[in-house]
Every structure is written in C-alpha cells, then in structure tokens.
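**Q** My structure is in work_14.cif, and what it holds is mmCIF, C-alpha atoms:
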data_run
#
loop_
_atom_site.group_PDB
_atom_site.id
_atom_site.type_symbol
_atom_site.label_atom_id
_atom_site.label_comp_id
_atom_site.auth_asym_id
_atom_site.auth_seq_id
_atom_site.Cartn_x
_atom_site.Cartn_y
_atom_site.Cartn_z
ATOM 1 C CA MET A 414 15.871 88.361 -40.443
ATOM 2 C CA LEU A 415 13.031 88.365 -37.934
ATOM 3 C CA ILE A 416 13.628 90.460 -34.823
ATOM 4 C CA MET A 417 13.699 88.377 -31.622
ATOM 5 C CA LEU A 418 12.889 90.429 -28.551
ATOM 6 C CA GLU A 419 13.983 89.068 -25.170
ATOM 7 C CA PHE A 420 11.502 91.232 -23.291
ATOM 8 C CA LEU A 421 11.700 89.541 -19.920
ATOM 9 C CA GLU A 422 15.484 89.353 -19.749
ATOM 10 C CA GLY A 423 16.832 91.656 -17.094
ATOM 11 C CA LEU A 424 13.460 92.495 -15.551
ATOM 12 C CA GLY A 425 13.668 92.795 -11.771
ATOM 13 C CA PHE A 426 11.226 91.118 -9.466
ATOM 14 C CA VAL A 427 9.320 94.360 -8.832
ATOM 15 C CA LYS A 428 8.552 94.677 -12.547
ATOM 16 C CA LYS A 429 7.572 91.025 -12.708
ATOM 17 C CA TYR A 430 5.254 91.587 -9.770
ATOM 18 C CA LEU A 431 3.633 94.520 -11.557
ATOM 19 C CA MET A 432 3.138 92.383 -14.686
ATOM 20 C CA LEU A 433 1.337 89.739 -12.659
ATOM 21 C CA LEU A 434 -0.709 92.376 -10.862
ATOM 22 C CA CYS A 435 -1.871 93.555 -14.285
ATOM 23 C CA LEU A 436 -2.704 89.936 -15.102
ATOM 24 C CA LEU A 437 -4.984 89.688 -12.083
ATOM 25 C CA ILE A 438 -6.732 92.930 -12.989
ATOM 26 C CA PHE A 439 -7.359 92.009 -16.615
ATOM 27 C CA VAL A 440 -8.517 88.408 -16.273
ATOM 28 C CA GLY A 441 -11.558 89.496 -14.248
ATOM 29 C CA CYS A 442 -12.869 88.786 -10.765
ATOM 30 C CA ASN A 443 -13.794 85.119 -11.257
ATOM 31 C CA ALA A 444 -10.532 84.287 -12.977
ATOM 32 C CA GLN A 445 -8.657 86.158 -10.229
ATOM 33 C CA HIS A 446 -10.138 83.875 -7.615
ATOM 34 C CA GLU A 447 -9.304 80.761 -9.605
ATOM 35 C CA LEU A 448 -5.723 81.867 -10.302
ATOM 36 C CA ALA A 449 -4.929 83.237 -6.834
ATOM 37 C CA ASP A 450 -3.069 80.196 -5.508
ATOM 38 C CA THR A 451 -1.216 79.760 -8.775
ATOM 39 C CA VAL A 452 -0.075 83.369 -8.824
ATOM 40 C CA ASP A 453 1.253 83.091 -5.245
ATOM 41 C CA GLU A 454 3.296 80.098 -6.317
ATOM 42 C CA ILE A 455 4.545 81.932 -9.406
ATOM 43 C CA TYR A 456 5.721 84.793 -7.202
ATOM 44 C CA MET A 457 7.772 82.379 -5.111
ATOM 45 C CA LEU A 458 9.333 80.717 -8.137
ATOM 46 C CA ALA A 459 10.025 84.044 -9.828
ATOM 47 C CA ASP A 460 11.740 85.231 -6.657
ATOM 48 C CA ASP A 461 14.083 82.262 -7.091
ATOM 49 C CA ASN A 462 15.393 83.793 -10.332
ATOM 50 C CA TYR A 463 13.023 82.074 -12.748
ATOM 51 C CA THR A 464 11.289 84.192 -15.385
ATOM 52 C CA ILE A 465 7.533 84.547 -15.173
ATOM 53 C CA GLU A 466 7.167 82.194 -18.142
ATOM 54 C CA GLU A 467 9.438 79.535 -16.668
ATOM 55 C CA ALA A 468 7.649 79.654 -13.330
ATOM 56 C CA SER A 469 4.181 79.386 -14.880
ATOM 57 C CA MET A 470 5.234 76.507 -17.130
ATOM 58 C CA PHE A 471 6.430 74.501 -14.113
ATOM 59 C CA LEU A 472 2.999 74.891 -12.549
ATOM 60 C CA HIS A 473 0.687 74.578 -15.540
ATOM 61 C CA PRO A 474 2.264 73.295 -18.780
ATOM 62 C CA HIS A 475 -0.277 74.416 -21.397
ATOM 63 C CA LYS A 476 1.154 72.536 -24.377
ATOM 64 C CA GLU A 477 1.682 68.849 -25.042
ATOM 65 C CA SER A 478 4.428 67.078 -26.949
ATOM 66 C CA GLY A 479 3.340 65.954 -30.431
ATOM 67 C CA VAL A 480 0.122 68.002 -30.342
ATOM 68 C CA VAL A 481 -0.886 71.115 -32.275
ATOM 69 C CA ASP A 482 -3.851 73.096 -30.993
ATOM 70 C CA VAL A 483 -5.695 75.608 -33.161
ATOM 71 C CA TYR A 484 -8.319 77.887 -31.658
ATOM 72 C CA VAL A 485 -10.493 80.132 -33.816
ATOM 73 C CA PHE A 486 -11.896 82.758 -31.468
ATOM 74 C CA GLY A 487 -15.670 83.102 -31.437
ATOM 75 C CA PHE A 488 -15.776 86.671 -32.718
ATOM 76 C CA PRO A 489 -18.594 87.432 -35.164
ATOM 77 C CA SER A 490 -17.176 88.850 -38.408
ATOM 78 C CA ALA A 491 -13.624 89.206 -37.067
ATOM 79 C CA ASP A 492 -10.548 86.980 -37.291
ATOM 80 C CA ALA A 493 -8.256 85.842 -34.487
ATOM 81 C CA ILE A 494 -6.639 82.393 -34.564
ATOM 82 C CA LEU A 495 -4.326 80.962 -31.912
ATOM 83 C CA ILE A 496 -1.924 78.129 -32.809
ATOM 84 C CA THR A 497 0.172 76.397 -30.155
ATOM 85 C CA THR A 498 2.749 73.640 -30.400
ATOM 86 C CA GLU A 499 4.741 72.186 -27.519
ATOM 87 C CA ASN A 500 7.058 75.209 -27.317
ATOM 88 C CA TYR A 501 5.665 77.899 -29.614
ATOM 89 C CA VAL A 502 2.720 80.288 -29.780
ATOM 90 C CA VAL A 503 1.442 81.797 -33.037
ATOM 91 C CA LEU A 504 -1.431 84.286 -33.348
ATOM 92 C CA ILE A 505 -2.992 85.091 -36.717
ATOM 93 C CA ASP A 506 -4.894 88.406 -36.581
ATOM 94 C CA THR A 507 -6.377 90.123 -33.540
ATOM 95 C CA GLY A 508 -10.030 90.828 -34.312
ATOM 96 C CA GLU A 509 -11.646 94.207 -33.653
ATOM 97 C CA ARG A 510 -10.395 96.751 -31.124
ATOM 98 C CA GLN A 511 -12.498 95.317 -28.268
ATOM 99 C CA HIS A 512 -11.210 91.799 -28.957
ATOM 100 C CA GLY A 513 -7.602 92.563 -28.034
ATOM 101 C CA ARG A 514 -8.356 92.359 -24.329
ATOM 102 C CA MET A 515 -10.357 89.142 -24.780
ATOM 103 C CA ILE A 516 -7.446 87.521 -26.626
ATOM 104 C CA SER A 517 -4.956 88.584 -23.960
ATOM 105 C CA ASP A 518 -7.219 87.347 -21.151
ATOM 106 C CA ALA A 519 -7.594 83.987 -22.891
ATOM 107 C CA LEU A 520 -3.822 83.611 -23.199
ATOM 108 C CA PHE A 521 -3.239 84.717 -19.597
ATOM 109 C CA ALA A 522 -5.722 82.088 -18.432
ATOM 110 C CA ARG A 523 -3.599 79.498 -20.235
ATOM 111 C CA THR A 524 -0.450 80.923 -18.594
ATOM 112 C CA ILE A 525 0.766 82.167 -21.967
ATOM 113 C CA PHE A 526 2.628 85.450 -21.607
ATOM 114 C CA HIS A 527 4.308 85.725 -24.998
ATOM 115 C CA ILE A 528 3.587 85.245 -28.692
ATOM 116 C CA ASP A 529 6.429 83.936 -30.838
ATOM 117 C CA TYR A 530 4.850 85.054 -34.114
ATOM 118 C CA LEU A 531 2.012 87.543 -34.478
ATOM 119 C CA ILE A 532 0.850 87.560 -38.099
ATOM 120 C CA ILE A 533 -1.427 90.364 -39.293
ATOM 121 C CA THR A 534 -2.871 89.107 -42.560
ATOM 122 C CA HIS A 535 -3.990 92.585 -43.656
ATOM 123 C CA PHE A 536 -4.933 95.928 -42.109
ATOM 124 C CA ASP A 537 -8.739 95.801 -42.046
ATOM 125 C CA ARG A 538 -9.892 96.737 -38.559
ATOM 126 C CA ASP A 539 -11.564 93.342 -37.982
ATOM 127 C CA HIS A 540 -8.124 91.739 -38.325
ATOM 128 C CA VAL A 541 -5.753 94.338 -36.841
ATOM 129 C CA GLY A 542 -8.060 96.150 -34.418
ATOM 130 C CA GLY A 543 -6.985 94.267 -31.275
ATOM 131 C CA ALA A 544 -3.257 94.383 -32.035
ATOM 132 C CA TYR A 545 -2.677 97.466 -29.881
ATOM 133 C CA TYR A 546 -3.812 95.698 -26.729
ATOM 134 C CA VAL A 547 -2.031 92.427 -27.570
ATOM 135 C CA LEU A 548 1.269 94.237 -28.125
ATOM 136 C CA ARG A 549 0.884 96.221 -24.914
ATOM 137 C CA PHE A 550 0.229 93.273 -22.599
ATOM 138 C CA LEU A 551 1.988 90.302 -24.185
ATOM 139 C CA GLU A 552 5.577 89.887 -25.291
ATOM 140 C CA VAL A 553 5.452 89.741 -29.080
ATOM 141 C CA ARG A 554 8.756 88.346 -30.285
ATOM 142 C CA ASN A 555 8.071 88.587 -34.025
ATOM 143 C CA LEU A 556 5.469 90.725 -35.778
ATOM 144 C CA ILE A 557 4.772 89.932 -39.445
ATOM 145 C CA VAL A 558 2.715 92.321 -41.596
ATOM 146 C CA PRO A 559 1.723 92.468 -45.301
ATOM 147 C CA ASN A 560 3.556 94.463 -47.930
ATOM 148 C CA TYR A 561 1.351 97.559 -48.100
ATOM 149 C CA GLU A 562 0.390 100.548 -45.974
ATOM 150 C CA ARG A 563 -2.991 101.687 -44.731
ATOM 151 C CA VAL A 564 -3.878 104.979 -43.085
ATOM 152 C CA SER A 565 -6.533 104.244 -40.464
ATOM 153 C CA ASN A 566 -7.211 104.545 -36.761
ATOM 154 C CA SER A 567 -6.537 100.831 -36.268
ATOM 155 C CA VAL A 568 -3.143 101.005 -37.973
ATOM 156 C CA ASN A 569 -2.285 104.183 -36.071
ATOM 157 C CA ARG A 570 -2.923 102.350 -32.792
ATOM 158 C CA LEU A 571 -0.809 99.419 -33.998
ATOM 159 C CA ASN A 572 2.062 101.754 -34.836
ATOM 160 C CA LEU A 573 1.764 103.458 -31.447
ATOM 161 C CA ALA A 574 1.974 100.117 -29.650
ATOM 162 C CA LYS A 575 4.973 99.070 -31.762
ATOM 163 C CA GLN A 576 6.759 102.264 -30.826
ATOM 164 C CA ARG A 577 5.955 102.028 -27.117
ATOM 165 C CA GLU A 578 6.955 98.378 -26.845
ATOM 166 C CA GLY A 579 9.981 98.558 -29.132
ATOM 167 C CA VAL A 580 8.629 95.960 -31.554
ATOM 168 C CA GLU A 581 9.825 96.088 -35.162
ATOM 169 C CA ALA A 582 7.484 94.747 -37.827
ATOM 170 C CA TYR A 583 8.787 92.381 -40.482
ATOM 171 C CA VAL A 584 7.182 93.292 -43.826
ATOM 172 C CA LEU A 585 6.552 90.041 -45.669
ATOM 173 C CA THR A 586 7.721 90.107 -49.280
ATOM 174 C CA GLU A 587 8.869 86.486 -49.651
ATOM 175 C CA THR A 588 7.507 83.189 -48.399
ATOM 176 C CA ILE A 589 8.755 82.136 -44.960
ATOM 177 C CA THR A 590 8.787 78.518 -43.787
ATOM 178 C CA LEU A 591 9.027 77.887 -40.046
ATOM 179 C CA THR A 592 9.542 74.549 -38.326
ATOM 180 C CA LEU A 593 8.021 74.896 -34.875
ATOM 181 C CA ASP A 594 8.460 71.620 -33.010
ATOM 182 C CA ASP A 595 6.788 69.062 -35.306
ATOM 183 C CA ALA A 596 4.652 71.596 -37.188
ATOM 184 C CA VAL A 597 5.682 73.253 -40.452
ATOM 185 C CA ILE A 598 4.202 76.712 -40.967
ATOM 186 C CA VAL A 599 4.347 78.414 -44.375
ATOM 187 C CA ILE A 600 3.630 82.166 -44.427
ATOM 188 C CA LYS A 601 2.959 83.323 -47.967
ATOM 189 C CA PRO A 602 2.643 86.963 -49.113
ATOM 190 C CA SER A 603 0.539 88.358 -51.920
ATOM 191 C CA GLY A 604 2.219 88.838 -55.278
ATOM 192 C CA LEU A 605 0.867 92.403 -55.575
ATOM 193 C CA ASP A 606 3.244 95.342 -55.683
ATOM 194 C CA PHE A 607 3.516 97.617 -52.669
ATOM 195 C CA PHE A 608 0.582 100.034 -52.395
ATOM 196 C CA VAL A 609 -0.588 102.740 -49.983
ATOM 197 C CA PHE A 610 -4.274 103.006 -49.100
ATOM 198 C CA GLY A 611 -4.625 106.565 -47.877
ATOM 199 C CA ASN A 612 -8.250 106.871 -46.790
ATOM 200 C CA GLU A 613 -8.546 107.262 -43.021
ATOM 201 C CA ASP A 614 -12.033 105.751 -42.812
ATOM 202 C CA ASP A 615 -11.822 102.315 -41.181
ATOM 203 C CA ASP A 616 -15.223 101.436 -42.601
ATOM 204 C CA ASP A 617 -14.169 101.695 -46.249
ATOM 205 C CA ASN A 618 -14.311 98.395 -48.102
ATOM 206 C CA TYR A 619 -11.755 98.770 -50.840
ATOM 207 C CA GLU A 620 -12.575 96.959 -54.061
ATOM 208 C CA ALA A 621 -10.276 96.463 -57.022
ATOM 209 C CA THR A 622 -10.503 98.972 -59.862
ATOM 210 C CA THR A 623 -8.246 99.634 -62.834
ATOM 211 C CA ASP A 624 -5.828 101.635 -60.692
ATOM 212 C CA ILE A 625 -6.527 100.430 -57.151
ATOM 213 C CA PRO A 626 -6.067 96.777 -56.140
ATOM 214 C CA SER A 627 -8.293 95.135 -53.565
ATOM 215 C CA GLU A 628 -6.801 95.568 -50.125
ATOM 216 C CA ASN A 629 -8.106 92.111 -49.216
ATOM 217 C CA ASP A 630 -5.961 90.635 -51.975
ATOM 218 C CA PHE A 631 -2.859 91.649 -50.026
ATOM 219 C CA SER A 632 -3.876 89.086 -47.383
ATOM 220 C CA ILE A 633 -1.090 86.888 -46.082
ATOM 221 C CA ILE A 634 -2.035 83.204 -46.385
ATOM 222 C CA VAL A 635 -0.771 80.782 -43.746
ATOM 223 C CA SER A 636 -0.653 76.994 -43.977
ATOM 224 C CA VAL A 637 0.240 74.574 -41.204
ATOM 225 C CA GLY A 638 1.330 70.987 -41.722
ATOM 226 C CA HIS A 639 1.352 68.594 -38.787
ATOM 227 C CA GLY A 640 1.965 64.973 -39.652
ATOM 228 C CA GLU A 641 -0.896 63.883 -41.873
ATOM 229 C CA ASN A 642 -2.999 66.964 -41.098
ATOM 230 C CA ASN A 643 -2.951 70.243 -43.032
ATOM 231 C CA PHE A 644 -4.531 73.588 -42.117
ATOM 232 C CA LEU A 645 -5.108 76.673 -44.266
ATOM 233 C CA PHE A 646 -5.846 80.220 -43.077
ATOM 234 C CA THR A 647 -6.689 82.680 -45.836
ATOM 235 C CA GLY A 648 -7.406 86.083 -44.268
ATOM 236 C CA ASP A 649 -9.836 88.000 -46.485
ATOM 237 C CA ALA A 650 -8.429 86.747 -49.794
ATOM 238 C CA MET A 651 -10.653 87.617 -52.725
ATOM 239 C CA ALA A 652 -10.620 86.425 -56.343
ATOM 240 C CA GLY A 653 -7.175 87.706 -57.299
ATOM 241 C CA ARG A 654 -5.464 86.311 -54.223
ATOM 242 C CA LEU A 655 -7.302 82.993 -54.463
ATOM 243 C CA GLY A 656 -6.185 82.732 -58.096
ATOM 244 C CA GLU A 657 -2.567 83.192 -56.998
ATOM 245 C CA PHE A 658 -2.904 80.461 -54.418
ATOM 246 C CA LEU A 659 -4.564 78.085 -56.870
ATOM 247 C CA GLU A 660 -1.597 78.506 -59.211
ATOM 248 C CA PHE A 661 0.737 77.822 -56.297
ATOM 249 C CA MET A 662 -1.165 74.662 -55.357
ATOM 250 C CA GLU A 663 -1.010 73.392 -58.933
ATOM 251 C CA THR A 664 2.636 74.287 -59.527
ATOM 252 C CA GLU A 665 3.886 72.883 -56.223
ATOM 253 C CA GLU A 666 1.439 69.935 -56.259
ATOM 254 C CA ILE A 667 0.026 70.927 -52.874
ATOM 255 C CA PRO A 668 -2.434 68.325 -51.563
ATOM 256 C CA PRO A 669 -5.895 69.253 -50.223
ATOM 257 C CA PHE A 670 -6.231 70.715 -46.746
ATOM 258 C CA ASP A 671 -8.078 69.073 -43.879
ATOM 259 C CA PHE A 672 -9.086 72.322 -42.162
ATOM 260 C CA LEU A 673 -9.887 75.655 -43.822
ATOM 261 C CA LYS A 674 -10.568 79.087 -42.372
ATOM 262 C CA LEU A 675 -12.812 80.335 -45.158
ATOM 263 C CA PRO A 676 -11.574 83.423 -47.024
ATOM 264 C CA HIS A 677 -13.360 86.741 -46.473
ATOM 265 C CA HIS A 678 -15.810 85.459 -43.840
ATOM 266 C CA GLY A 679 -17.335 82.927 -46.215
ATOM 267 C CA ARG A 680 -18.344 85.419 -48.914
ATOM 268 C CA HIS A 681 -18.515 84.428 -52.555
ATOM 269 C CA ASN A 682 -16.449 85.617 -55.516
ATOM 270 C CA ARG A 683 -15.724 84.348 -59.016
ATOM 271 C CA ARG A 684 -12.905 82.015 -57.838
ATOM 272 C CA THR A 685 -14.541 80.708 -54.669
ATOM 273 C CA MET A 686 -15.911 77.419 -55.989
ATOM 274 C CA GLU A 687 -12.722 76.566 -57.855
ATOM 275 C CA PHE A 688 -10.738 77.328 -54.694
ATOM 276 C CA LEU A 689 -12.984 75.233 -52.428
ATOM 277 C CA ALA A 690 -12.852 72.320 -54.861
ATOM 278 C CA ALA A 691 -9.040 72.402 -54.875
ATOM 279 C CA VAL A 692 -8.704 72.743 -51.092
ATOM 280 C CA ASN A 693 -11.437 70.134 -50.485
ATOM 281 C CA PRO A 694 -11.535 70.554 -46.685
ATOM 282 C CA ARG A 695 -12.998 68.085 -44.217
ATOM 283 C CA TYR A 696 -13.703 70.947 -41.830
ATOM 284 C CA ALA A 697 -14.288 74.640 -42.527
ATOM 285 C CA VAL A 698 -14.947 77.635 -40.286
ATOM 286 C CA SER A 699 -16.504 80.931 -41.284
ATOM 287 C CA THR A 700 -15.819 84.008 -39.155
ATOM 288 C CA CYS A 701 -19.179 85.523 -40.047
ATOM 289 C CA CYS A 702 -21.830 87.420 -38.106
ATOM 290 C CA PHE A 703 -25.610 87.067 -37.849
ATOM 291 C CA ASN A 704 -26.499 90.100 -39.968
ATOM 292 C CA ARG A 705 -24.070 89.093 -42.741
ATOM 293 C CA PRO A 706 -23.825 85.295 -42.762
ATOM 294 C CA ALA A 707 -21.657 83.156 -45.011
ATOM 295 C CA ASP A 708 -22.895 83.073 -48.591
ATOM 296 C CA GLU A 709 -25.432 80.314 -49.112
ATOM 297 C CA ARG A 710 -23.619 79.197 -52.279
ATOM 298 C CA VAL A 711 -20.462 78.631 -50.243
ATOM 299 C CA VAL A 712 -22.315 76.692 -47.560
ATOM 300 C CA THR A 713 -24.148 74.561 -50.128
ATOM 301 C CA PHE A 714 -20.926 73.688 -51.945
ATOM 302 C CA LEU A 715 -19.154 72.699 -48.709
ATOM 303 C CA GLU A 716 -22.093 70.495 -47.794
ATOM 304 C CA SER A 717 -21.914 68.878 -51.232
ATOM 305 C CA ILE A 718 -18.311 67.757 -50.560
ATOM 306 C CA ASN A 719 -19.286 66.558 -47.051
ATOM 307 C CA ALA A 720 -17.293 69.216 -45.226
ATOM 308 C CA GLU A 721 -18.366 69.956 -41.658
ATOM 309 C CA ILE A 722 -18.936 73.714 -41.280
ATOM 310 C CA PHE A 723 -18.534 75.840 -38.149
ATOM 311 C CA PHE A 724 -19.458 79.486 -37.638
ATOM 312 C CA SER A 725 -17.617 81.730 -35.193
ATOM 313 C CA LYS A 726 -20.836 83.606 -34.417
ATOM 314 C CA PHE A 727 -21.852 80.531 -32.402
ATOM 315 C CA GLY A 728 -18.592 80.450 -30.411
ATOM 316 C CA GLY A 729 -14.941 79.516 -30.669
ATOM 317 C CA VAL A 730 -13.748 76.470 -32.592
ATOM 318 C CA HIS A 731 -11.002 74.279 -31.106
ATOM 319 C CA VAL A 732 -9.028 71.921 -33.334
ATOM 320 C CA ARG A 733 -6.514 69.456 -31.936
ATOM 321 C CA SER A 734 -4.099 67.469 -34.117
ATOM 322 C CA ASP A 735 -1.938 64.601 -32.946
ATOM 323 C CA GLY A 736 -0.435 64.288 -36.409
ATOM 324 C CA VAL A 737 -2.901 61.630 -37.490
ATOM 325 C CA ASN A 738 -6.303 62.452 -36.045
ATOM 326 C CA LEU A 739 -8.175 65.737 -35.942
ATOM 327 C CA MET A 740 -10.573 66.534 -33.126
ATOM 328 C CA VAL A 741 -12.803 69.550 -33.791
ATOM 329 C CA THR A 742 -15.168 70.978 -31.170
ATOM 330 C CA GLN A 743 -17.223 74.124 -30.694
#
Would it be possible to restate this file's structure as structure tokens?

**A**
Amino acid sequence: MLIMLEFLEGLGFVKKYLMLLCLLIFVGCNAQHELADTVDEIYMLADDNYTIEEASMFLHPHKESGVVDVYVFGFPSADAILITTENYVVLIDTGERQHGRMISDALFARTIFHIDYLIITHFDRDHVGGAYYVLRFLEVRNLIVPNYERVSNSVNRLNLAKQREGVEAYVLTETITLTLDDAVIVIKPSGLDFFVFGNEDDDDNYEATTDIPSENDFSIIVSVGHGENNFLFTGDAMAGRLGEFLEFMETEEIPPFDFLKLPHHGRHNRRTMEFLAAVNPRYAVSTCCFNRPADERVVTFLESINAEIFFSKFGGVHVRSDGVNLMVTQ
C-alpha cells in the first residue's frame, strides 16, 4: 500500500511562515514581487487555521474541473513531466541535479506545494538528479521507484532526502492503476528481475550483455487516459522494454496513443519503428539536446505518419486535454 504522508498536519503558523519565506527566496526576485500581495493574503488565511495549500487554493485555483494538463519541462536531454488534474499532482522524473530547483520554482509559481505521486522511471541522473531538491521543498505524498538498485551520487542524494523528509519509497513490482478525478493513470513496471548496478560513476551508460541487463530497460512506463485522449510516457525504454510493452498492447488490445514522450530521448533501437507504428501518436516530444539530437530515422518515421514533433531543447511543451480535444503548445 502506498504511504500517504500528511506533512502539513499539525504544523504551527511559525513553521508555515518559514515555509512561505523559503518560497519567496527560491522563486527569485521578479517572482517575489509578483507574489507579494498573494503571500500576504495567504498568511492571513493560514492564521485562520487553514493549511498553506487550502489558503493558496482559495486565492489561485491552479486546476480546472474536467481538464488534464501535461507539461514536459524544457530541459535538454533530461526528463521531467508534470501532470495535473482538478485535485491531483503527478510528477514523472526530476531531470538533472540543477533542474530540481527549477521544477520546485515552477510548482511554487502555480501555488502547488505538494506532489501526490512522484514517479522515478529509472535511476539515470537525467531522470533522478533533481529528486533531492523536490523532496526537500515539496510535500511528496507517494514516491514510486523501479525494482532495481543503483549506486551513484544521484541515488545517494535521493536516499538522503528520503531519510531527512521521512518519505518511504514504494518499489514497483506490479502494475498500479490510479483514478485521479477523471483521468486513469496506469503505472507499469519492467518484467526484469531485481538487479543491482554497483558502479558509482553517474556517467556510465549501461548496455545489456549476457549477464547484465540494460538499466534503461527497467524504466517504468506510465500511460494516462482522459476521455478520448491517451498519453504515453516511456522513460528511457530500449528494445527489451519496448518489446514487453508491444506484447502488452497486443494482448490487452490497447489502442494507439495520441501523445507520446519518445523513449530514450528519441534514440533508435531495433524495436523503435515497430513501437512507433503501434503507438501511432498524433503528437510526440523528444527530450533531446543540441549536441545529441533525436535520431533522424525516428524523426523521419514520425513525419511519415503525420505526427507533430516537439523537442524539449527548444522549450517546455504544454498539453491540455478536455477529454475530447488536445491543445499542444510550445
């Protein structure tokens, strides 16, 4: 059972004040000026026995009924994806170490002070690097991690933050289905057996050998269904993991997806084309960088099926679903 942490319960007003003071420091000088009046009002409401979250929601509701917002952060070659429904906040991955603060600032600016589900797809530093900062400055109610261990500086920082904040990670070994307002989120683990990657070098790119599986193939895959619209987020899944998901799509008769976060930053492997053909997205985003762009074969194939392609190196991608229509902007 997932651990639900009621972090704000029982906090006195002095501690709430300190939390908001931290907010003002971290959102930067311009944002401080813009939020000053709002923060004063939040203080007054919080002093009337409302939690910080309740007070901020009265002033600036950041979520709409019947709407799902997906935001792919504009980080070159790093993954961080924010999903919000009317009442829930989900974050998939946290980018590199320096991105943790950017993610937290972005959520603070939207008066979001908690994350209901933080999903770390796998332990590469460009997916888990910012988790330390996110855990320190936001209330993470549920932390979901893949079924393997990695010795690295990024994972060490994650474990330190978990310990300091009293957050227990849920190791995903079976598929979880969550109904969050009118969105259905399926969180699917790899079928690989538990493994420990012991090299401390964050820069290592583990590839599958006879004895060592690909670390990327432990990636958790997340799908979101909202009315007629379907989203798919694939971490850094490589050929083995994509093959698993293709079998799942065929067995369960899963329909194509409207929006796809391309696996492994848009790189190519022996199952890529088969996977893209099955998913058949209308929109796709690649979290690639300028010095290592998405593979041209991947881009060409997506163009051939008339998919519109976005690249995080050019900025964040915002997707809004009302259950029927999709609006995608960058």

**Q** Tell me which of A:Gln576, A:Asn560, A:Asn693, A:Ser725 sits closest to A:Leu548, counting all atoms listed in the file.

**A**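 Ranked by minimum distance to A:Leu548, first place goes to A:Gln576.
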
**Q** Write out as number ranges by chain which residues come within 12 Å of A:Asp595 when counting all atoms listed in the file, dropping same-chain ones fewer than 2 positions away.

**A** A: 477-481, 497-501, 591-593, 597-598, 637-642, 734-736

**Q** Just want the 10 Å neighbourhood of A:Met651, counted on all atoms listed in the file, with same-chain residues fewer than 2 positions away dropped. Output as an MDAnalysis selection string.

**A** chainID A and resid 620:621 627:632 647:649 653:656 676:677 680:685

**Q** Taking into account only C-alpha atoms, which residue in the set A:Val737, A:Met686, A:Val635, A:Val541 is nearest to A:Leu673?

**A**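 Ranked by minimum distance to A:Leu673, first place goes to A:Val635.
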
**Q** Given the file shown, determine the residues that the PyMOL selection byres ((chain A and resi 724) around 8) selects; report them as a PyMOL selection string.

**A** chain A and resi 698-701+722-723+725-728

**Q** Would you save the residues of that selection, restricted to C-alpha atoms, as a PDB file, keeping the file's coordinate frame?

**A**
ATOM      1  CA  VAL A 698     -14.947  77.635 -40.286  1.00  0.00           C
ATOM      2  CA  SER A 699     -16.504  80.931 -41.284  1.00  0.00           C
ATOM      3  CA  THR A 700     -15.819  84.008 -39.155  1.00  0.00           C
ATOM      4  CA  CYS A 701     -19.179  85.523 -40.047  1.00  0.00           C
ATOM      5  CA  ILE A 722     -18.936  73.714 -41.280  1.00  0.00           C
ATOM      6  CA  PHE A 723     -18.534  75.840 -38.149  1.00  0.00           C
ATOM      7  CA  SER A 725     -17.617  81.730 -35.193  1.00  0.00           C
ATOM      8  CA  LYS A 726     -20.836  83.606 -34.417  1.00  0.00           C
ATOM      9  CA  PHE A 727     -21.852  80.531 -32.402  1.00  0.00           C
ATOM     10  CA  GLY A 728     -18.592  80.450 -30.411  1.00  0.00           C
TER      11      GLY A 728
END

**Q** Could you please determine the separation between atom CA of A:Ile505 and atom CA of A:Phe486 in Å, to one decimal place?

**A**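 Calculated distance between atom CA of A:Ile505 and atom CA of A:Phe486 is 10.6 Å.
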